[in-house]
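Colleague: See query23.cif below, with mmCIF, C-alpha atoms.
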```
data_coords
#
loop_
_atom_site.label_atom_id
_atom_site.label_comp_id
_atom_site.auth_asym_id
_atom_site.auth_seq_id
_atom_site.Cartn_x
_atom_site.Cartn_y
_atom_site.Cartn_z
CA MET P 1 -25.36 7.68 11.64
CA ALA P 2 -21.70 7.26 12.50
CA THR P 3 -20.11 9.97 14.60
CA ARG P 4 -17.36 11.75 12.72
CA TRP P 5 -14.01 11.83 14.49
CA TRP P 6 -12.81 15.27 13.38
CA HIS P 7 -14.12 18.65 14.37
CA GLY P 8 -16.09 20.88 13.00
CA ARG P 9 -19.45 -2.74 -16.95
CA ARG P 10 -20.97 -6.01 -18.08
CA LYS P 11 -19.05 -8.62 -20.16
CA GLY P 12 -19.21 -7.96 -23.87
CA SER P 13 -20.35 -4.36 -23.49
CA SER P 14 -18.40 -1.41 -24.85
CA ARG P 15 -15.86 -0.12 -22.36
CA ARG P 16 -14.07 3.17 -21.99
CA ARG P 17 -10.61 3.29 -23.48
CA ASN P 18 -8.48 5.93 -21.84
CA ALA P 19 -4.83 5.51 -22.73
CA SER P 20 -3.76 8.21 -20.30
CA ALA P 21 -5.38 6.28 -17.45
CA ASP P 22 -3.28 3.20 -18.20
CA ALA P 23 -0.24 4.72 -16.52
CA ALA P 24 2.80 2.63 -15.69
CA ALA P 25 2.43 0.85 -12.37
CA SER P 26 5.43 2.73 -11.01
CA VAL P 27 3.50 6.01 -10.78
CA GLY P 28 3.05 6.52 -7.40
CA GLY P 29 -6.65 -16.27 -11.06
CA GLY P 30 -4.20 -18.94 -10.50
CA ALA P 31 -3.48 -18.85 -6.77
CA ASP P 32 -6.84 -18.05 -5.27
CA GLY P 33 -6.95 -18.78 -1.56
CA ASP P 34 -8.31 -17.82 1.83
CA ALA P 35 -7.30 -14.72 3.70
CA CYS P 36 -4.92 -15.06 6.61
CA PRO P 37 -7.19 -16.46 9.36
CA GLY P 38 -5.54 -15.12 12.47
CA PRO P 39 -3.40 -12.34 13.85
CA ALA P 40 -0.05 -14.06 13.42
CA LEU P 41 1.99 -13.08 10.40
CA SER P 42 3.61 -15.85 8.44
CA GLY P 43 4.91 -16.33 4.95
CA PRO P 44 7.72 -15.16 2.70
CA ALA P 45 10.28 -12.48 3.33
CA LEU P 46 12.63 -10.92 0.87
CA SER P 47 16.32 -11.45 1.38
CA ALA P 48 18.05 -8.23 2.34
CA ALA P 49 20.45 -8.80 -0.53
CA ALA P 50 17.74 -9.30 -3.15
CA ALA P 51 16.35 -6.39 -5.13
CA PRO P 52 13.68 -7.35 -7.68
CA PRO P 53 14.49 -5.70 -11.02
CA VAL P 54 11.91 -3.46 -12.60
CA ALA P 55 13.20 -3.23 -16.14
CA THR P 56 10.53 -3.66 -18.79
CA GLY P 57 10.95 -6.29 -21.44
CA ASP P 58 10.14 -6.27 -25.14
CA PRO P 59 6.42 -5.40 -25.44
CA ASP P 60 6.06 -7.85 -28.31
CA ALA P 61 7.61 -10.77 -26.45
CA GLY P 62 4.35 -11.93 -24.92
CA HIS P 63 4.58 -15.62 -25.64
CA GLU P 64 8.21 -16.55 -25.14
CA ALA P 65 8.91 -19.92 -23.56
CA GLY P 66 8.75 -20.14 -19.78
CA GLU P 67 6.44 -19.22 -16.96
CA VAL P 68 4.77 -15.81 -16.81
CA TYR P 69 3.25 -14.54 -13.56
CA ALA P 70 0.80 -11.76 -12.76
CA ALA P 71 -0.07 -9.98 -9.49
CA ILE P 72 -3.13 -7.74 -9.15
CA ASP P 73 -3.66 -5.43 -6.19
CA LEU P 74 -7.17 -3.97 -6.03
CA GLY P 75 -7.10 -1.23 -3.43
CA THR P 76 -9.45 1.46 -2.22
CA ASN P 77 -8.08 3.97 -4.71
CA ASN P 78 -6.09 2.05 -7.34
CA CYS P 79 -6.19 -1.09 -9.44
CA ARG P 80 -2.60 -2.12 -10.16
CA MET P 81 -0.94 -5.09 -11.82
CA LEU P 82 2.55 -6.38 -12.54
CA ILE P 83 3.39 -9.16 -15.00
CA ALA P 84 6.81 -10.74 -14.60
CA ARG P 85 9.05 -13.55 -15.79
CA PRO P 86 11.62 -15.21 -13.47
CA GLU P 87 15.26 -14.79 -14.37
CA ALA P 88 18.32 -15.69 -12.33
CA GLU P 89 17.77 -17.21 -8.89
CA GLY P 90 16.25 -14.64 -6.59
CA THR P 91 15.25 -12.17 -9.32
CA PHE P 92 12.47 -11.54 -11.80
CA ARG P 93 11.89 -9.15 -14.67
CA VAL P 94 8.72 -7.08 -14.99
CA ILE P 95 7.53 -7.32 -18.60
CA ASP P 96 4.26 -5.40 -18.30
CA SER P 97 2.37 -3.25 -15.81
CA PHE P 98 -0.94 -1.51 -15.33
CA SER P 99 -2.23 1.16 -12.96
CA ARG P 100 -5.54 2.96 -12.94
CA ILE P 101 -7.17 5.11 -10.29
CA THR P 102 -10.67 3.64 -9.96
CA ARG P 103 -11.66 4.97 -6.51
CA LEU P 104 -13.46 1.79 -5.60
CA GLY P 105 -13.91 3.10 -2.06
CA GLU P 106 -15.45 6.40 -3.10
CA GLY P 107 -18.19 7.30 -0.61
CA LEU P 108 -17.56 4.15 1.41
CA SER P 109 -16.89 5.93 4.70
CA SER P 110 -20.33 7.56 4.63
CA SER P 111 -22.46 4.88 2.94
CA GLY P 112 -20.74 1.73 4.15
CA GLU P 113 -20.96 0.16 0.69
CA LEU P 114 -19.36 0.22 -2.75
CA SER P 115 -21.27 2.43 -5.18
CA GLN P 116 -22.46 1.20 -8.55
CA ALA P 117 -20.34 3.77 -10.40
CA ALA P 118 -17.20 2.78 -8.48
CA GLN P 119 -17.85 -0.90 -9.19
CA ASP P 120 -18.29 -0.18 -12.91
CA ARG P 121 -15.02 1.77 -13.07
CA THR P 122 -13.17 -0.99 -11.29
CA ILE P 123 -14.56 -3.81 -13.42
CA ASP P 124 -13.56 -1.85 -16.51
CA ALA P 125 -9.99 -1.69 -15.18
CA LEU P 126 -10.01 -5.42 -14.36
CA TYR P 127 -11.05 -6.16 -17.95
CA ARG P 128 -7.97 -4.26 -19.07
CA CYS P 129 -5.85 -6.37 -16.73
CA ALA P 130 -7.40 -9.55 -18.10
CA GLU P 131 -6.59 -8.49 -21.67
CA LYS P 132 -2.96 -7.82 -20.79
CA MET P 133 -2.68 -11.14 -18.95
CA GLU P 134 -4.05 -13.00 -21.98
CA ARG P 135 -1.75 -11.17 -24.38
CA ARG P 136 1.28 -11.92 -22.22
CA GLY P 137 0.40 -15.58 -21.84
CA VAL P 138 0.21 -15.52 -18.04
CA THR P 139 0.54 -19.02 -16.61
CA ALA P 140 -0.17 -18.27 -12.92
CA SER P 141 -1.53 -15.30 -11.04
CA ARG P 142 -2.74 -14.00 -7.73
CA LYS P 143 -5.37 -11.29 -7.49
CA VAL P 144 -6.21 -9.64 -4.19
CA ALA P 145 -8.62 -7.02 -2.89
CA THR P 146 -7.89 -5.05 0.26
CA GLU P 147 -9.54 -2.54 2.61
CA ALA P 148 -12.48 -1.35 0.48
CA CYS P 149 -13.76 -4.90 0.02
CA ARG P 150 -12.97 -5.80 3.62
CA ARG P 151 -15.00 -2.89 4.93
CA ALA P 152 -17.93 -2.63 2.50
CA SER P 153 -21.19 -4.34 3.41
CA ASN P 154 -21.50 -5.40 -0.23
CA GLY P 155 -17.84 -6.33 -0.68
CA ARG P 156 -18.57 -10.04 -1.11
CA GLU P 157 -21.32 -9.30 -3.63
CA PHE P 158 -18.90 -7.13 -5.60
CA LEU P 159 -16.31 -9.90 -5.75
CA GLU P 160 -19.00 -12.29 -6.99
CA ARG P 161 -19.91 -9.77 -9.67
CA VAL P 162 -16.25 -9.48 -10.69
CA TYR P 163 -16.12 -13.25 -11.13
CA ARG P 164 -19.35 -13.36 -13.15
CA GLU P 165 -18.34 -10.55 -15.49
CA THR P 166 -14.58 -11.00 -15.85
CA GLY P 167 -13.87 -14.57 -14.77
CA MET P 168 -11.41 -13.31 -12.14
CA ARG P 169 -11.50 -14.68 -8.60
CA LEU P 170 -10.20 -12.02 -6.26
CA GLU P 171 -9.23 -12.83 -2.67
CA CYS P 172 -10.30 -10.36 -0.05
CA ILE P 173 -7.16 -10.68 2.06
CA SER P 174 -6.78 -9.68 5.69
CA ALA P 175 -4.79 -6.65 6.80
CA HIS P 176 -2.22 -9.10 8.19
CA GLU P 177 -1.72 -10.77 4.84
CA GLU P 178 -1.57 -7.38 3.14
CA ALA P 179 1.19 -6.26 5.50
CA ARG P 180 3.09 -9.55 5.09
CA LEU P 181 3.12 -9.24 1.32
CA ALA P 182 4.11 -5.57 1.40
CA LEU P 183 7.03 -6.35 3.72
CA ALA P 184 8.15 -9.24 1.53
CA GLY P 185 8.17 -6.93 -1.47
CA CYS P 186 10.14 -4.05 0.03
CA ALA P 187 12.33 -5.59 2.78
CA SER P 188 15.36 -5.62 0.48
CA LEU P 189 15.62 -1.86 1.09
CA LEU P 190 16.15 -2.28 4.84
CA SER P 191 19.65 -1.41 6.00
CA ARG P 192 21.57 -3.94 8.08
CA GLN P 193 23.24 -1.07 9.90
CA GLN P 194 20.22 -0.69 12.22
CA PRO P 195 18.73 -3.67 14.05
CA TYR P 196 15.14 -2.38 14.07
CA ALA P 197 12.81 -0.91 11.46
CA LEU P 198 9.35 0.60 11.32
CA VAL P 199 7.76 -0.30 7.98
CA PHE P 200 4.47 1.28 6.93
CA ASP P 201 2.08 1.46 3.98
CA ILE P 202 -0.37 4.37 3.71
CA GLY P 203 -3.15 3.07 1.46
CA GLY P 204 -6.40 4.44 0.18
CA GLY P 205 -8.55 3.02 2.96
CA SER P 206 -6.12 1.83 5.65
CA THR P 207 -2.60 2.24 6.96
CA GLU P 208 -0.52 -0.77 8.01
CA LEU P 209 2.57 -0.63 10.25
CA LEU P 210 5.11 -3.32 11.17
CA TRP P 211 7.82 -3.17 13.82
CA VAL P 212 10.62 -5.39 12.52
CA LYS P 213 13.82 -6.73 14.05
CA LEU P 214 16.78 -7.56 11.82
CA THR P 215 18.88 -10.43 13.17
CA ASP P 216 21.69 -12.62 11.85
CA SER P 217 19.06 -14.33 9.75
CA PRO P 218 18.61 -12.76 6.30
CA PHE P 219 14.87 -12.60 6.96
CA PRO P 220 13.18 -9.95 9.17
CA CYS P 221 11.47 -10.95 12.38
CA VAL P 222 8.16 -9.15 12.83
CA GLU P 223 7.86 -8.01 16.42
CA GLY P 224 4.51 -6.27 16.02
CA PHE P 225 1.80 -5.26 13.57
CA THR P 226 -1.10 -2.84 13.57
CA THR P 227 -3.52 -1.41 11.05
CA LEU P 228 -5.52 1.81 11.11
CA PRO P 229 -8.83 2.09 9.21
CA LEU P 230 -7.64 5.42 7.83
CA GLY P 231 -6.12 6.03 4.40
CA VAL P 232 -5.84 8.90 1.96
CA MET P 233 -9.35 8.44 0.55
CA THR P 234 -11.14 7.90 3.85
CA VAL P 235 -9.43 10.89 5.51
CA ALA P 236 -10.05 13.18 2.52
CA GLU P 237 -13.72 12.22 2.33
CA ASP P 238 -14.32 12.29 6.09
CA CYS P 239 -12.80 15.76 6.30
CA GLY P 240 -14.87 17.25 3.51
CA GLY P 241 -12.44 17.02 0.61
CA GLY P 242 -8.77 17.28 -0.18
CA ASP P 243 -8.19 20.95 0.65
CA LEU P 244 -7.63 20.46 4.37
CA SER P 245 -7.54 23.60 6.49
CA LEU P 246 -4.62 23.97 8.88
CA ARG P 247 -6.91 23.17 11.81
CA THR P 248 -8.31 20.03 10.15
CA TYR P 249 -4.83 18.94 9.10
CA ARG P 250 -3.61 19.20 12.70
CA THR P 251 -6.69 17.32 13.90
CA VAL P 252 -5.92 14.44 11.55
CA VAL P 253 -2.30 14.35 12.73
CA ASP P 254 -3.37 14.32 16.39
CA HIS P 255 -6.04 11.66 15.81
CA VAL P 256 -3.66 9.32 13.99
CA GLN P 257 -1.10 9.72 16.77
CA THR P 258 -3.76 8.82 19.32
CA LEU P 259 -4.60 5.65 17.40
CA LEU P 260 -0.91 4.73 17.22
CA GLN P 261 -0.23 5.18 20.94
CA PRO P 262 -1.20 1.60 21.93
CA PHE P 263 1.30 0.28 19.38
CA GLU P 264 4.00 2.50 20.85
CA LEU P 265 3.15 1.44 24.40
CA ARG P 266 3.21 -2.22 23.39
CA HIS P 267 6.59 -2.19 21.65
CA HIS P 268 8.41 0.86 23.10
CA ILE P 269 9.60 1.89 19.66
CA SER P 270 10.72 5.29 20.97
CA ASP P 271 13.30 3.56 23.18
CA HIS P 272 15.19 2.50 20.04
CA ILE P 273 15.31 5.94 18.44
CA GLY P 274 18.46 8.02 18.61
CA GLN P 275 21.97 7.07 19.63
CA GLN P 276 22.64 4.03 21.75
CA ALA P 277 26.15 2.65 22.21
CA GLY P 278 27.25 5.00 19.44
CA ALA P 279 24.93 3.55 16.79
CA VAL P 280 21.48 4.42 15.45
CA GLN P 281 19.11 1.62 16.47
CA ALA P 282 16.03 2.14 14.26
CA GLN P 283 15.14 3.05 10.69
CA MET P 284 11.93 3.88 8.88
CA LEU P 285 10.74 2.51 5.51
CA GLY P 286 7.58 3.71 3.78
CA THR P 287 5.79 2.24 0.79
CA SER P 288 2.85 4.25 -0.52
CA GLY P 289 1.80 6.81 -3.09
CA THR P 290 2.22 9.50 -0.46
CA VAL P 291 5.91 8.86 0.14
CA THR P 292 6.76 8.30 -3.54
CA THR P 293 4.97 11.53 -4.47
CA LEU P 294 6.93 13.48 -1.86
CA ALA P 295 10.14 11.84 -3.08
CA GLY P 296 9.42 12.89 -6.66
CA LEU P 297 8.82 16.46 -5.50
CA HIS P 298 11.96 16.33 -3.37
CA LEU P 299 14.01 15.37 -6.44
CA GLY P 300 12.34 18.09 -8.52
CA LEU P 301 11.30 15.60 -11.22
CA SER P 302 9.56 17.00 -14.26
CA ARG P 303 8.11 13.54 -14.79
CA TYR P 304 7.82 10.77 -12.20
CA ASP P 305 10.63 8.21 -12.58
CA ARG P 306 10.45 5.11 -10.41
CA SER P 307 14.11 4.26 -10.92
CA LEU P 308 15.11 7.57 -9.33
CA VAL P 309 12.65 7.37 -6.44
CA ASP P 310 12.79 3.76 -5.26
CA GLY P 311 15.26 3.42 -2.40
CA ILE P 312 16.14 7.07 -1.78
CA SER P 313 16.22 8.55 1.73
CA MET P 314 14.52 11.77 2.78
CA GLY P 315 15.11 13.81 5.90
CA PHE P 316 12.14 14.57 8.12
CA ASP P 317 12.81 18.31 7.76
CA ASP P 318 12.45 17.98 3.98
CA ILE P 319 9.23 15.99 4.40
CA THR P 320 7.78 18.72 6.63
CA LEU P 321 8.74 21.49 4.18
CA LEU P 322 7.22 19.61 1.26
CA SER P 323 4.00 18.88 3.17
CA ARG P 324 3.66 22.52 4.19
CA GLY P 325 4.31 23.60 0.61
CA LEU P 326 1.57 21.29 -0.69
CA ALA P 327 -0.85 22.61 1.93
CA ALA P 328 -0.18 26.16 0.73
CA MET P 329 -1.00 25.23 -2.89
CA SER P 330 -4.42 25.39 -4.47
CA HIS P 331 -6.06 22.23 -5.77
CA ARG P 332 -5.26 23.36 -9.30
CA GLN P 333 -1.58 23.87 -8.50
CA ARG P 334 -1.31 20.40 -7.01
CA ALA P 335 -3.14 18.93 -10.02
CA GLU P 336 -0.64 20.56 -12.36
CA SER P 337 2.34 19.06 -10.56
CA PRO P 338 3.82 16.26 -12.72
CA CYS P 339 4.38 14.08 -9.65
CA ILE P 340 0.80 14.46 -8.41
CA GLY P 341 -1.68 15.01 -11.25
CA PRO P 342 -5.40 15.77 -11.20
CA GLN P 343 -6.49 12.37 -9.91
CA ARG P 344 -4.36 12.58 -6.75
CA ALA P 345 -4.56 16.30 -6.05
CA ASP P 346 -7.38 15.89 -3.52
CA LEU P 347 -5.70 13.00 -1.69
CA VAL P 348 -2.07 13.98 -1.18
CA LEU P 349 -2.66 16.25 1.85
CA ALA P 350 -4.51 13.49 3.69
CA GLY P 351 -1.53 11.22 3.11
CA CYS P 352 0.85 13.94 4.31
CA ALA P 353 -1.14 14.29 7.55
CA ILE P 354 -0.94 10.53 8.22
CA LEU P 355 2.78 10.54 7.41
CA GLU P 356 3.42 13.52 9.68
CA ALA P 357 1.72 11.72 12.56
CA ILE P 358 4.03 8.72 12.08
CA CYS P 359 7.16 10.88 11.78
CA THR P 360 6.24 13.02 14.81
CA LEU P 361 5.51 10.07 17.07
CA TRP P 362 8.72 8.29 16.01
CA PRO P 363 11.29 10.98 15.03
CA MET P 364 13.93 8.78 13.43
CA GLY P 365 15.08 11.63 11.20
CA GLN P 366 15.26 9.73 7.90
CA LEU P 367 12.70 7.91 5.76
CA THR P 368 13.63 5.36 3.09
CA VAL P 369 11.17 5.43 0.19
CA ALA P 370 10.00 2.20 -1.45
CA ASP P 371 8.22 2.15 -4.79
CA ARG P 372 7.57 -1.57 -4.38
CA GLY P 373 5.55 -3.70 -2.03
CA LEU P 374 2.38 -5.77 -2.23
CA ARG P 375 2.56 -6.82 -5.88
CA GLU P 376 6.25 -7.68 -5.67
CA GLY P 377 5.52 -9.78 -2.60
CA MET P 378 2.82 -11.68 -4.47
CA LEU P 379 5.16 -12.30 -7.40
CA MET P 380 7.79 -13.70 -5.07
CA ASP P 381 5.23 -16.10 -3.64
CA LEU P 382 4.08 -17.17 -7.09
CA ILE P 383 7.53 -17.61 -8.57
CA GLY P 384 8.71 -19.52 -5.51
CA LEU P 385 11.96 -17.64 -5.09
CA PRO P 386 14.14 -19.29 -2.40
CA SER P 387 14.19 -16.15 -0.27
CA ALA P 388 10.42 -15.85 -0.54
CA ARG P 389 9.87 -19.30 0.96
CA GLN P 390 11.37 -18.39 4.32
CA ALA P 391 8.93 -17.62 7.11
CA LEU P 392 8.54 -14.37 8.94
CA THR P 393 8.24 -14.96 12.66
CA GLN P 394 6.25 -13.08 15.22
CA ASN P 395 5.60 -13.37 18.93
CA HIS P 396 2.05 -14.75 18.97
CA SER P 397 1.02 -13.14 22.26
CA ARG P 398 2.15 -9.76 20.94
CA ALA P 399 0.30 -10.40 17.70
CA HIS P 400 -2.87 -11.14 19.65
CA ARG P 401 -2.58 -7.87 21.58
CA ASP P 402 -1.82 -5.92 18.39
CA HIS P 403 -4.94 -7.45 16.83
CA ARG P 404 -6.94 -6.27 19.85
CA ASP P 405 -5.50 -2.76 19.38
CA HIS P 406 -6.60 -2.91 15.73
CA VAL P 407 -10.17 -3.70 16.76
CA SER P 408 -10.10 -0.76 19.18
CA ASN P 409 -8.82 1.51 16.42
CA ARG P 410 -11.74 0.58 14.21
CA LYS P 411 -14.22 1.36 16.98
CA ALA P 412 -12.54 4.72 17.63
CA VAL P 413 -13.18 5.84 14.05
CA VAL P 414 -16.81 4.79 13.83
#
```
As structure tokens, please, write out the structure in this file.
Modeller:
Amino acid sequence: MATRWWHGRRKGSSRRRNASADAAASVGGGADGDACPGPALSGPALSAAAAPPVATGDPDAGHEAGEVYAAIDLGTNNCRMLIARPEAEGTFRVIDSFSRITRLGEGLSSSGELSQAAQDRTIDALYRCAEKMERRGVTASRKVATEACRRASNGREFLERVYRETGMRLECISAHEEARLALAGCASLLSRQQPYALVFDIGGGSTELLWVKLTDSPFPCVEGFTTLPLGVMTVAEDCGGGDLSLRTYRTVVDHVQTLLQPFELRHHISDHIGQQAGAVQAQMLGTSGTVTTLAGLHLGLSRYDRSLVDGISMGFDDITLLSRGLAAMSHRQRAESPCIGPQRADLVLAGCAILEAICTLWPMGQLTVADRGLREGMLMDLIGLPSARQALTQNHSRAHRDHRDHVSNRKAVV
């Protein structure tokens, strides 16, 4: 048994129809290919001047002339999809979206495999995606699976089942490819006032971080990358549920910081924090349900609104106050919050603990919130936007060492 690190449905069958579960993708096929084979990041980046629109088109305009693209992101906790149509050069319009919490990785950290119930829930959601894609007349798509399928002993078998029962071929992409796509999708929010940026994505089963340098080129240069096999679902389950005690919360924060230390030692990120030559040198950008949830709470929204959240900045003091406030709430109180809801109430504290570890280790003072990322990056690839065809660059020797750190991180959690 693994040592814990903390103290202490078929095709044609009837399927559940839950309209409330088909929330807009903003609440916090065609291009099947191999996962990124090595540690070096390469691929598209989003121009700092480009900001993909998120306006929704006419719901009845499913078969207008022109190309229609779809991007599906099957994560440890969510199944999410965007369908878009290209518009002016460098932009696209989202015409449909889908998001459902399926908890594909439920129980994965203890069993090492995807449960039958979790597979059934996820396949049901993928059927819904397929129906929307057909109705919208999708001409090209990319569909990816991330950490849950990477980690599960039966991940490949699950993907084969998905193909048999839905006709969808999902790629199980590497953590490197996942990070590349997330950066491509949200890099437009990076400020050119600071030459460096730490970009992170707290997922259901893993957390990816990129250390990025902004140069005269409109495209970021990736100096370093790491991934932690810890996300909101894995932390919540490993620690006995979502109501983390203060002691357990602090243990998670300390453990995540320990796992991040090799990345800090490799790239000396702390050296770029604060004032140097009269200018702030580094910024922080986060894309995840954790940061968008905190942003919604920060704004006091009675209903989550992506257009108000995407791109805002939050001070670290505000993040700490919000996290402490959530920790003081009961599960029921968190479930009743319009920016959290019952399906995320047991996960948000785990995400806050991971976020606090990042903010404590690298106290940049401000966090820019992105409600965009992986799916937008896939759409840019598919549509072939000029900015998306530029390559991210990375020092290959650094990438190799970061990959070695990632392997060590995995061993430290087992």
Colleague: Can you turn the PyMOL selection byres ((chain P and resi 175) around 8) into a concrete residue list for this file, as a list in words?
Modeller: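 Evaluating the PyMOL selection byres ((chain P and resi 175) around 8) on this file yields Thr146, Glu147, Ile173, Ser174, His176, Glu177, Glu178, Ala179, Glu208 and Thr227 of chain P.
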Colleague: Using the chain letters and numbering of this document, enumerate as a PyMOL selection string the residues selected by the PyMOL selection byres ((chain P and resi 72) around 9).
Modeller: chain P and resi 70-71+73-74+79-83+126+129+141-145+170+375+378
Colleague: Which distance in Å separates atom CA of Ala353 of chain P and atom CA of Ser307 of chain P, to one decimal?
Modeller: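 Atom CA of Ser307 of chain P lies at a distance of 26.0 Å from atom CA of Ala353 of chain P.
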Colleague: Of the residues P:Ser109, P:Asn78, P:Ser245, P:Ser313, which is the one nearest to Ala328 of chain P, using only C-alpha atoms?
Modeller: P:Ser245
Colleague: I'd like the contact shell of Ala236 of chain P - 12 Å cut-off, only C-alpha atoms, skipping same-chain residues fewer than 2 positions apart - returned as a ChimeraX atom specification.
Modeller: /P:6,77,105-110,204-205,230-234,238-245,248-249,252,344-354
Colleague: Using all atoms listed in the file, which residues sit within 6 Å of segment 115-121 of chain P once same-chain residues fewer than 2 positions away are excluded, as a ChimeraX atom specification?
Modeller: /P:9,102,104,123-124
Colleague: If the PyMOL selection byres ((chain P and resi 264) around 12) were run on this exact file, what residues would it hold? Put them as an MDAnalysis selection string.
Modeller: chainID P and resid 198 209:211 224:226 257:263 265:272 358 361:362 402 405
Colleague: Between atom CA of Leu297 of chain P and atom CA of Asp371 of chain P, what is the distance in Å, rounded to a tenth?
Modeller: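 About the pair atom CA of Leu297 of chain P and atom CA of Asp371 of chain P: they are 14.3 Å apart.
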Colleague: One number please: atom CA of Asp254 of chain P to atom CA of Ser323 of chain P, in Å, one decimal.
Modeller: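 One can read the atom CA of Asp254 of chain P to atom CA of Ser323 of chain P distance as 15.8 Å.
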